[in-house]
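Shown here: model21.cif, mmCIF, C-alpha atoms.
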```cif
data_structure
loop_
_atom_site.group_PDB
_atom_site.id
_atom_site.type_symbol
_atom_site.label_atom_id
_atom_site.label_comp_id
_atom_site.auth_asym_id
_atom_site.auth_seq_id
_atom_site.Cartn_x
_atom_site.Cartn_y
_atom_site.Cartn_z
ATOM 1 C CA CYS V 983 3.706 -7.262 -25.754
ATOM 2 C CA ASP V 984 4.530 -4.966 -22.810
ATOM 3 C CA GLU V 985 0.860 -4.839 -21.812
ATOM 4 C CA ARG V 986 0.656 -8.649 -21.832
ATOM 5 C CA ILE V 987 3.827 -8.903 -19.731
ATOM 6 C CA GLY V 988 2.370 -6.360 -17.322
ATOM 7 C CA ARG V 989 -0.800 -8.437 -16.954
ATOM 8 C CA MET V 990 1.295 -11.560 -16.384
ATOM 9 C CA CYS V 991 3.259 -9.794 -13.633
ATOM 10 C CA LEU V 992 0.053 -8.517 -12.068
ATOM 11 C CA ARG V 993 -1.514 -11.963 -12.216
ATOM 12 C CA HIS V 994 1.675 -13.473 -10.760
ATOM 13 C CA ASP V 995 1.474 -10.999 -7.919
ATOM 14 C CA GLU V 996 -2.199 -11.596 -7.147
ATOM 15 C CA GLY V 997 -1.862 -14.898 -5.411
ATOM 16 C CA ASP V 998 1.125 -17.112 -6.101
ATOM 17 C CA TRP V 999 2.186 -16.576 -2.494
ATOM 18 C CA CYS V 1000 0.283 -17.596 0.621
ATOM 19 C CA VAL V 1001 1.201 -16.677 4.185
ATOM 20 C CA LEU V 1002 -0.047 -18.596 7.206
ATOM 21 C CA LEU V 1003 0.377 -16.740 10.482
ATOM 22 C CA VAL V 1004 -0.198 -18.884 13.527
ATOM 23 C CA THR V 1005 -0.026 -18.708 17.307
ATOM 24 C CA ARG V 1006 -1.161 -21.154 19.969
ATOM 25 C CA ASP V 1007 -4.778 -20.003 19.563
ATOM 26 C CA THR V 1008 -5.122 -17.924 16.360
ATOM 27 C CA ALA V 1009 -4.348 -18.296 12.668
ATOM 28 C CA ARG V 1010 -4.585 -15.970 9.673
ATOM 29 C CA ILE V 1011 -4.249 -16.674 5.944
ATOM 30 C CA LEU V 1012 -3.023 -13.983 3.553
ATOM 31 C CA ARG V 1013 -2.542 -14.164 -0.230
ATOM 32 C CA GLY V 1014 -0.675 -11.996 -2.684
ATOM 33 C CA GLY V 1015 2.828 -11.397 -3.871
ATOM 34 C CA PRO V 1016 5.802 -9.052 -3.609
ATOM 35 C CA THR V 1017 3.702 -5.915 -4.089
ATOM 36 C CA GLY V 1018 0.988 -6.658 -1.554
ATOM 37 C CA LEU V 1019 -0.890 -9.134 0.590
ATOM 38 C CA ARG V 1020 -4.547 -9.277 1.512
ATOM 39 C CA GLU V 1021 -6.078 -11.138 4.393
ATOM 40 C CA LEU V 1022 -8.476 -13.916 3.451
ATOM 41 C CA ARG V 1023 -9.382 -15.970 6.493
ATOM 42 C CA GLY V 1024 -8.860 -16.150 10.201
ATOM 43 C CA LEU V 1025 -9.319 -18.769 12.879
ATOM 44 C CA ARG V 1026 -9.546 -18.467 16.637
ATOM 45 C CA SER V 1027 -9.528 -21.474 18.940
ATOM 46 C CA ASP V 1028 -10.344 -21.646 22.626
ATOM 47 C CA VAL V 1029 -6.999 -22.708 24.096
ATOM 48 C CA LYS V 1030 -6.618 -22.467 27.846
ATOM 49 C CA ASN V 1031 -3.788 -20.375 29.270
ATOM 50 C CA GLN V 1032 -1.033 -22.236 31.021
ATOM 51 C CA HIS V 1033 -0.532 -21.692 34.712
ATOM 52 C CA SER V 1034 1.765 -23.083 37.350
ATOM 53 C CA ALA V 1035 -0.501 -23.647 40.308
ATOM 54 C CA GLY V 1036 1.072 -27.038 40.995
ATOM 55 C CA GLY V 1037 -0.726 -29.853 42.677
ATOM 56 C CA TRP V 1038 -1.951 -33.189 41.426
ATOM 57 C CA SER V 1039 -3.863 -31.818 38.485
ATOM 58 C CA GLN V 1040 -1.037 -29.657 37.054
ATOM 59 C CA ALA V 1041 0.330 -32.354 34.706
ATOM 60 C CA ARG V 1042 -3.169 -33.277 33.509
ATOM 61 C CA PHE V 1043 -3.976 -29.606 32.877
ATOM 62 C CA GLU V 1044 -0.739 -29.096 30.901
ATOM 63 C CA ARG V 1045 -1.528 -32.154 28.747
ATOM 64 C CA SER V 1046 -5.008 -30.709 28.146
ATOM 65 C CA VAL V 1047 -3.522 -27.377 27.031
ATOM 66 C CA GLU V 1048 -1.087 -29.122 24.669
ATOM 67 C CA GLN V 1049 -3.967 -31.173 23.195
ATOM 68 C CA ASP V 1050 -5.902 -27.935 22.646
ATOM 69 C CA VAL V 1051 -2.895 -26.400 20.870
ATOM 70 C CA ALA V 1052 -2.468 -29.520 18.711
ATOM 71 C CA SER V 1053 -6.174 -29.402 17.791
ATOM 72 C CA HIS V 1054 -5.845 -25.708 16.906
ATOM 73 C CA LEU V 1055 -2.807 -26.365 14.678
ATOM 74 C CA ALA V 1056 -4.658 -29.212 12.963
ATOM 75 C CA ALA V 1057 -7.648 -26.924 12.360
ATOM 76 C CA ALA V 1058 -5.394 -24.156 11.011
ATOM 77 C CA THR V 1059 -3.579 -26.450 8.573
ATOM 78 C CA ASP V 1060 -6.889 -28.025 7.544
ATOM 79 C CA LEU V 1061 -8.295 -24.569 6.785
ATOM 80 C CA LEU V 1062 -5.171 -23.748 4.771
ATOM 81 C CA PHE V 1063 -5.380 -27.022 2.827
ATOM 82 C CA ARG V 1064 -9.070 -26.470 2.020
ATOM 83 C CA HIS V 1065 -8.166 -22.991 0.753
ATOM 84 C CA PHE V 1066 -5.335 -24.501 -1.320
ATOM 85 C CA LYS V 1067 -7.711 -27.026 -2.920
ATOM 86 C CA ARG V 1068 -10.126 -24.218 -3.908
ATOM 87 C CA LYS V 1069 -7.450 -21.821 -5.144
ATOM 88 C CA PRO V 1070 -3.954 -23.356 -5.423
ATOM 89 C CA PHE V 1071 -0.831 -21.319 -4.757
ATOM 90 C CA ASP V 1072 2.820 -21.968 -5.564
ATOM 91 C CA HIS V 1073 4.593 -20.679 -2.474
ATOM 92 C CA LEU V 1074 3.880 -20.779 1.263
ATOM 93 C CA ILE V 1075 5.511 -18.829 4.077
ATOM 94 C CA ILE V 1076 4.650 -19.652 7.662
ATOM 95 C CA GLY V 1077 4.896 -17.041 10.377
ATOM 96 C CA ALA V 1078 4.897 -17.868 14.047
ATOM 97 C CA ASP V 1079 5.902 -15.961 17.162
ATOM 98 C CA ASN V 1080 6.948 -19.128 18.945
ATOM 99 C CA ASP V 1081 9.694 -21.480 17.728
ATOM 100 C CA ALA V 1082 8.097 -24.308 19.704
ATOM 101 C CA LEU V 1083 5.160 -24.294 17.263
ATOM 102 C CA ARG V 1084 7.334 -25.099 14.231
ATOM 103 C CA PRO V 1085 7.863 -28.829 14.832
ATOM 104 C CA ALA V 1086 4.214 -29.367 15.774
ATOM 105 C CA LEU V 1087 3.003 -27.333 12.810
ATOM 106 C CA GLY V 1088 5.356 -29.209 10.469
ATOM 107 C CA ASP V 1089 3.825 -32.488 11.615
ATOM 108 C CA GLU V 1090 0.305 -31.208 10.885
ATOM 109 C CA THR V 1091 1.043 -29.713 7.449
ATOM 110 C CA HIS V 1092 -0.166 -31.693 4.416
ATOM 111 C CA SER V 1093 2.611 -32.814 2.078
ATOM 112 C CA TYR V 1094 1.251 -30.653 -0.772
ATOM 113 C CA LEU V 1095 1.681 -27.632 1.478
ATOM 114 C CA ALA V 1096 5.011 -28.743 2.934
ATOM 115 C CA GLU V 1097 6.562 -28.960 -0.539
ATOM 116 C CA ARG V 1098 5.468 -25.378 -1.224
ATOM 117 C CA THR V 1099 6.875 -23.988 2.030
ATOM 118 C CA ARG V 1100 9.602 -21.477 1.145
ATOM 119 C CA GLY V 1101 10.445 -20.269 4.623
ATOM 120 C CA TRP V 1102 9.478 -19.322 8.147
ATOM 121 C CA VAL V 1103 9.370 -15.889 9.742
ATOM 122 C CA ASP V 1104 9.055 -14.794 13.337
ATOM 123 C CA ILE V 1105 6.217 -12.323 13.669
ATOM 124 C CA ASP V 1106 3.550 -11.386 16.179
ATOM 125 C CA GLU V 1107 0.648 -12.397 13.994
ATOM 126 C CA GLN V 1108 -2.064 -10.924 16.196
ATOM 127 C CA LEU V 1109 -0.754 -7.370 15.862
ATOM 128 C CA ALA V 1110 0.664 -7.415 12.330
ATOM 129 C CA THR V 1111 -1.151 -5.583 9.551
ATOM 130 C CA PRO V 1112 -0.933 -6.983 5.983
ATOM 131 C CA ASP V 1113 1.749 -4.375 5.166
ATOM 132 C CA GLU V 1114 3.805 -5.392 8.214
ATOM 133 C CA VAL V 1115 3.432 -9.043 7.225
ATOM 134 C CA LEU V 1116 4.625 -8.208 3.701
ATOM 135 C CA ALA V 1117 7.668 -6.436 5.141
ATOM 136 C CA ALA V 1118 8.418 -9.495 7.298
ATOM 137 C CA VAL V 1119 8.107 -12.031 4.451
ATOM 138 C CA ARG V 1120 9.657 -9.973 1.645
ATOM 139 C CA GLY V 1121 13.126 -11.383 2.371
ATOM 140 C CA VAL V 1122 11.868 -14.951 1.895
ATOM 141 C CA MET V 1123 10.147 -13.944 -1.357
ATOM 142 C CA ASP V 1124 13.255 -12.183 -2.680
ATOM 143 C CA GLU V 1125 15.540 -15.075 -1.720
ATOM 144 C CA HIS V 1126 13.281 -17.584 -3.482
ATOM 145 C CA ARG V 1127 13.091 -15.456 -6.624
ATOM 146 C CA ALA V 1128 16.898 -15.063 -6.644
ATOM 147 C CA ALA V 1129 17.340 -18.847 -6.251
ATOM 148 C CA GLU V 1130 14.980 -19.467 -9.185
ATOM 149 C CA GLU V 1131 16.936 -17.006 -11.344
ATOM 150 C CA ARG V 1132 20.255 -18.646 -10.394
ATOM 151 C CA ALA V 1133 18.843 -22.056 -11.323
ATOM 152 C CA LEU V 1134 17.666 -20.759 -14.716
ATOM 153 C CA PHE V 1135 21.045 -19.206 -15.499
ATOM 154 C CA GLU V 1136 22.820 -22.410 -14.446
ATOM 155 C CA ARG V 1137 20.540 -24.404 -16.720
ATOM 156 C CA LEU V 1138 21.192 -21.977 -19.589
ATOM 157 C CA ALA V 1139 24.947 -22.257 -19.066
ATOM 158 C CA ALA V 1140 24.755 -26.060 -18.973
ATOM 159 C CA GLU V 1141 22.696 -26.210 -22.172
ATOM 160 C CA LEU V 1142 25.011 -23.750 -23.932
ATOM 161 C CA GLY V 1143 28.044 -25.754 -22.788
ATOM 162 C CA THR V 1144 26.728 -28.999 -24.300
ATOM 163 C CA ASP V 1145 25.192 -27.467 -27.448
ATOM 164 C CA GLY V 1146 21.795 -28.373 -26.000
ATOM 165 C CA ARG V 1147 18.470 -26.620 -26.319
ATOM 166 C CA ALA V 1148 19.725 -23.100 -25.669
ATOM 167 C CA ALA V 1149 20.796 -20.115 -27.710
ATOM 168 C CA ASP V 1150 22.497 -16.876 -26.794
ATOM 169 C CA GLY V 1151 23.116 -13.632 -28.590
ATOM 170 C CA LEU V 1152 20.780 -11.990 -31.053
ATOM 171 C CA ASP V 1153 21.838 -14.110 -34.043
ATOM 172 C CA GLY V 1154 21.611 -17.396 -32.125
ATOM 173 C CA VAL V 1155 18.188 -16.599 -30.649
ATOM 174 C CA LEU V 1156 16.779 -15.431 -33.980
ATOM 175 C CA ALA V 1157 18.059 -18.559 -35.721
ATOM 176 C CA ALA V 1158 16.488 -20.764 -33.008
ATOM 177 C CA LEU V 1159 13.169 -18.928 -33.365
ATOM 178 C CA VAL V 1160 13.157 -19.301 -37.151
ATOM 179 C CA GLU V 1161 13.939 -23.012 -36.810
ATOM 180 C CA ARG V 1162 11.292 -23.330 -34.058
ATOM 181 C CA ARG V 1163 13.619 -25.033 -31.600
#
```

Could I get this structure in the form of structure tokens?
Amino acid sequence: CDERIGRMCLRHDEGDWCVLLVTRDTARILRGGPTGLRELRGLRSDVKNQHSAGGWSQARFERSVEQDVASHLAAATDLLFRHFKRKPFDHLIIGADNDALRPALGDETHSYLAERTRGWVDIDEQLATPDEVLAAVRGVMDEHRAAEERALFERLAAELGTDGRAADGLDGVLAALVERR
């Protein structure tokens, strides 16, 4: 039994979590769990740098840069969604070094991915190694796991309080197992 539980924990840790790290011109996808992440894919887009030269063309140039960023974010979320369709995951954490990207990225994210988003982290994705990314996202992972445990204990307490489908104590659990309920 312990060996089977160990395999379940290992399998749970191999890819239930996905991390998307994104900047204005790069994106990286990592998969794993609380014990480690591995990098799967990367994306680099040709986004022009902003400048403040002024003149008549400044506004047009800024709109062009913002369109490039929007296209990059769409490509990054499309890549993530294609990866999700090939190998689904349960939890998504998005890392960005720029708070201005969050609203735009939220608009581009497919609803299947949005419902799996567990949190955001601020991280310089271009310099972060997988271990540094894991350290940055571990708090989100731990908080989500703690929330799931709280919900399970609340459900157990509610079922015990209404004589529902729950048992506690050795005698109660053994009786429920024998009765197959």

For Ala1149 in chain V: contacts at 10 Å, all atoms listed in the file, fewer than 5 positions along chain excluded, given as a PyMOL selection string | chain V and resi 1138-1139+1141-1142+1154-1159+1163

Interatomic distance, CA of Trp999 in chain V to CA of Leu1087 in chain V (Å, one decimal) =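 Atom-to-atom, CA of Trp999 in chain V and CA of Leu1087 in chain V are spaced 18.7 Å apart.
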
Take CA of Glu1136 in chain V and CA of Val1103 in chain V and report the distance between them in Å, one decimal.
-> 28.4 Å

Which residues fall under the PyMOL selection byres ((chain V and resi 1060-1063) around 12) in this file, as a ChimeraX atom specification?
-> /V:1000-1004,1009-1013,1022-1026,1053-1059,1064-1071,1074-1076,1087,1090-1096,1098

Between V:Thr1008, V:Phe1135, V:Gly1101, V:Thr1111, smallest distance to Gly1088 in chain V by all atoms listed in the file belongs to V:Gly1101

Any chance you could resolve the PyMOL selection byres ((chain V and resi 1118) around 12) against this file and give the residues as JSON, numbers by chain?
-> {"V": [1001, 1003, 1016, 1018, 1019, 1075, 1076, 1077, 1078, 1101, 1102, 1103, 1104, 1105, 1106, 1107, 1110, 1111, 1112, 1113, 1114, 1115, 1116, 1117, 1119, 1120, 1121, 1122, 1123, 1124]}
